[in-house]
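As structure tokens, the structure follows; a few thoughts come after it.
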Amino acid sequence: MTKVLVLAEAKNGKLRSVSFEVLTVASRLAADGEISACVFGSDAERHSKELSKYGAQTIYIAENEELDDYTPDGYKQALLEVIEEMNPDVILTGHTSIGKDILPRIAARLDKALFSDCINIETDDGIIFTRPIYSGKAYQKKKVHDDVVIATIRPNNMEAVENPVTAEIIKLPVTITDLRAIVKEVVSKSNGKVDLAEAKVVVSGGRGVKSAKGFEPLQELAGLLGGAVGASRGACDANYCDYSLQIGQTGKVVTPDLYIACGISGAVQHLAGMSSSKVIVAINKDPEANIFQVCDYGIVGDLFEVVPLLIEEFKSALEEDAVTN
Amino acid sequence: MMNIVVILKQTMDLEEQVTIEGLKIDNENVELILNPYDEYAVEEAVKLKEEHGGGVTAITFGKPEAESALRTALAMGADKAILVEQERELDESSIAKILAAAIRDNEFDIILGGNMSVDNGASQVGPRVAEELDIPHISTLTKLDIDGENVRAERDSEGDVEIVESMLPILVTAQQGLNEPRYPSLPNIMKAKKKPLEKVDIEDLGLEEVVSKVRSTVVDLYQPPKKKKGRIFAGDLRQQVQKLVRLLHEEEKVV
């Protein structure tokens, strides 16, 4: 019987949607087996209800204050405790800042392979993970030959499906010792706004935005659509915005439902970070811009004319909805 | 005086077209470069040496042609280089063990590397090497200050900045924004050709048995289907926008 363990992640007091996506992957791998989740930090228990809604039958909780901030040493000790307690056949988490930081250490400690940034799983003949390589220019299918399967799953890629169960909650007394690196401070640049990696809508600006102030209409549009603002390397290099917003080969990879590229030429470097978005809209003055080669819909025009119009039209479309509902 | 180690990888320049041959990407007829994230690591290593004194050793694992990536690091200011030569493609677990074994033979205070390679994109080797060597690590660094044994770093955590404190010895991985890598000058490129470059093989490291374990196999490799050409609107701008909003809202249902 397959036992699957999911490391769940909370941010700003809420479970991240990627954790539900990973639980859904877990249910495919577990078949008739068991799905367990673990979540760490002093208020971890509050998340158990939502975890059980997505199929977690056993929830391991380590309520240590030392786990309120992620550190590799703290999470490693806690996760190894859970692993020892339940002996999982499969260990999964999101390919997130935390996931890609901690699972390589766990895999090294257990002397196992790790399958990173997976976008699909097949279970017909052994376990086969699909993962993008070369910034999504190719896809690789890798078959697992280890006795313990460890993988990180790309956020916003697989649908989270509810699967409510009654969960048993197990509080693990974990002793965290010798934290060799500690987080002194977290400076939130996202300001509790929508997380770029998980956003369903991304409005992105390039050199065509021309200045930091030029990002304001993009922020308004993103706010209206409940999305996040991103940027091309050109815009970051020109100091129009922070590097934390950069989407591309060097930068973040995003796969939103809707990607609106404003004043972005569409260099290979940028496409690597957004080309798997479901619907791509391009707005650019230059009809020859490469971004028009990859977009689903394109408008040739000045973003400072087009974006305000988009805001107006989306507003009236969304208001109409509100009236009919 | 600091003993500084940089672990790096040669990759294909991703501006190039990817060609698939069987279960492999064709690396023969493309330009090979130093992985861009490793370039930040090399730059930071050289800056540390300039500030604190000491020496920089660049280490890689790969085919004989990976020497050119090491020569780039030497031209940027590294002092010596080690190439663990191997024709086989190995997984992250084996590569981390090889690098850790090569590092163990040297004294080190800090190890730097890129936070990922742009080809495989797994982000595993840095933290794995730290685990193999039983030292702490901080990943996706955007700022690094070292004062005596104390390390103070800023790391990018999905848009937020974490200020992390730790101690040497440590392994760190570089994120974009850490620094602006220098272009090696022609005299430095010439000098780099004469800097010591040691070649070792896996047998020298006593790892033949360890790395021969097959943990995964590639069973398929393919390119994503080409997207069909998008729809470019024409006519009155407001009408274009209205059409677009209607499509996104009513047909694509993404808003």
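By order of appearance in the structure tokens: chains A, B, ..., then residues from 1 within every chain, and ligands from 1 in the order shown.
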
Inset, instruction - Report the residues of segment 88-214 of chain B whose backbone DSSP state falls under strand (DSSP E), written as a count of residues only. - result: 42

Would you mind listing, as a compact mmCIF listing (two decimals) with N, CA and C atoms, in the first residue's frame, all residues of chain A that have at least one atom within 6 Å of chain B, where only C-alpha atoms are what counts?
```
# COMPACT_ATOMS: atom_id res chain seq x y z
N SER A 97 9.74 28.34 -3.56
CA SER A 97 10.97 28.78 -2.89
C SER A 97 11.37 27.79 -1.79
N PRO A 104 15.94 19.00 -2.05
CA PRO A 104 17.27 18.48 -2.43
C PRO A 104 18.07 18.00 -1.21
N ARG A 105 17.96 18.72 -0.10
CA ARG A 105 18.70 18.30 1.11
C ARG A 105 18.13 17.00 1.65
N ALA A 108 19.16 14.20 -0.62
CA ALA A 108 20.58 13.86 -0.42
C ALA A 108 20.74 13.06 0.87
N ALA A 113 16.89 9.97 -5.56
CA ALA A 113 16.71 10.94 -6.64
C ALA A 113 15.60 11.91 -6.24
N SER A 116 12.38 17.28 -10.10
CA SER A 116 12.06 18.68 -9.82
C SER A 116 11.14 19.29 -10.86
N ILE A 133 12.50 21.16 -19.60
CA ILE A 133 13.92 21.48 -19.52
C ILE A 133 14.24 22.56 -20.56
N TYR A 134 15.42 23.10 -20.50
CA TYR A 134 15.80 24.18 -21.40
C TYR A 134 14.72 25.25 -21.44
N ALA A 138 11.92 22.13 -24.31
CA ALA A 138 11.74 20.69 -24.48
C ALA A 138 11.13 20.12 -23.20
N TYR A 139 10.50 18.97 -23.34
CA TYR A 139 9.94 18.27 -22.20
C TYR A 139 10.58 16.89 -22.09
N GLN A 140 10.83 16.50 -20.84
CA GLN A 140 11.53 15.25 -20.59
C GLN A 140 10.61 14.38 -19.75
N LYS A 141 10.53 13.09 -20.11
CA LYS A 141 9.80 12.15 -19.24
C LYS A 141 10.82 11.28 -18.54
N LYS A 142 10.75 11.27 -17.22
CA LYS A 142 11.74 10.52 -16.44
C LYS A 142 11.06 9.45 -15.61
N LYS A 143 11.59 8.25 -15.73
CA LYS A 143 11.05 7.13 -14.97
C LYS A 143 11.84 6.94 -13.67
N VAL A 144 11.10 6.65 -12.61
CA VAL A 144 11.71 6.51 -11.29
C VAL A 144 12.20 5.09 -11.08
N HIS A 145 13.44 4.94 -10.59
CA HIS A 145 13.95 3.61 -10.24
C HIS A 145 14.31 3.48 -8.76
N ASP A 146 14.06 4.55 -7.99
CA ASP A 146 14.33 4.49 -6.56
C ASP A 146 13.15 3.88 -5.83
N ARG A 180 21.60 26.71 11.89
CA ARG A 180 22.86 27.33 11.48
C ARG A 180 22.65 28.59 10.64
N ALA A 181 21.44 28.74 10.10
CA ALA A 181 21.11 29.97 9.39
C ALA A 181 19.75 30.42 9.89
N ILE A 182 19.62 31.68 10.29
CA ILE A 182 18.33 32.13 10.80
C ILE A 182 17.84 33.34 10.01
N VAL A 183 16.52 33.44 9.89
CA VAL A 183 15.91 34.56 9.18
C VAL A 183 15.75 35.71 10.19
N LYS A 184 16.43 36.82 9.94
CA LYS A 184 16.35 37.96 10.86
C LYS A 184 15.13 38.81 10.55
N GLU A 185 14.79 38.88 9.29
CA GLU A 185 13.75 39.81 8.90
C GLU A 185 13.23 39.41 7.52
N VAL A 186 11.95 39.63 7.28
CA VAL A 186 11.40 39.42 5.95
C VAL A 186 10.85 40.75 5.46
N VAL A 187 11.39 41.23 4.36
CA VAL A 187 10.88 42.48 3.78
C VAL A 187 9.94 42.08 2.66
N SER A 188 8.65 42.30 2.92
CA SER A 188 7.66 41.87 1.94
C SER A 188 7.55 42.90 0.83
N LYS A 189 7.90 42.47 -0.37
CA LYS A 189 7.76 43.39 -1.50
C LYS A 189 6.44 43.15 -2.21
N SER A 244 12.59 41.38 -8.36
CA SER A 244 11.71 40.32 -7.86
C SER A 244 10.50 40.13 -8.79
N ASP A 257 -3.54 31.76 -16.18
CA ASP A 257 -4.58 31.56 -17.20
C ASP A 257 -4.50 32.65 -18.26
N CYS A 295 1.78 35.09 -29.18
CA CYS A 295 0.55 35.48 -28.49
C CYS A 295 -0.66 34.77 -29.09
N ASP A 296 -1.74 34.70 -28.30
CA ASP A 296 -3.01 34.21 -28.82
C ASP A 296 -3.81 35.37 -29.41
N TYR A 297 -3.68 36.54 -28.76
CA TYR A 297 -4.37 37.74 -29.24
C TYR A 297 -3.39 38.90 -29.18
N GLY A 298 -3.40 39.73 -30.20
CA GLY A 298 -2.47 40.84 -30.20
C GLY A 298 -3.15 42.14 -30.60
N ILE A 299 -2.72 43.23 -29.96
CA ILE A 299 -3.16 44.55 -30.38
C ILE A 299 -1.92 45.38 -30.66
```

Report as a tab-separated table: every residue of segment 4-90 of chain A with an atom at most 7 Å from segment 166-175 of chain A, its closest pair of atoms, and their distance in Å to one decimal, counting only C-alpha atoms, with rows sorted by chain and ascending residue number.
```
residue	atom	partner	partner_atom	distance
A:Ser52	CA	A:Ala167	CA	5.6
A:Ala56	CA	A:Ala167	CA	6.3
A:Gln57	CA	A:Ala167	CA	4.4
A:Thr58	CA	A:Glu168	CA	4.8
A:Ile59	CA	A:Ile169	CA	4.8
A:Tyr60	CA	A:Ile170	CA	4.9
A:Ile61	CA	A:Lys171	CA	4.8
A:Ala62	CA	A:Leu172	CA	5.3
A:Ala78	CA	A:Val174	CA	6.2
```

Inset, instruction - Kindly give the distance, in Å, that separates atom CA of Val25 of chain A and atom CA of Ile106 of chain A, rounded to a single decimal. - result: 19.9 Å

Inset, instruction - Find the residues near Ser211 of chain A: any atom within 8 Å, counting only C-alpha atoms, skip ones fewer than 4 places away on the same chain, and give them as JSON, numbers by chain. - result: {"A": [215, 239, 240]}
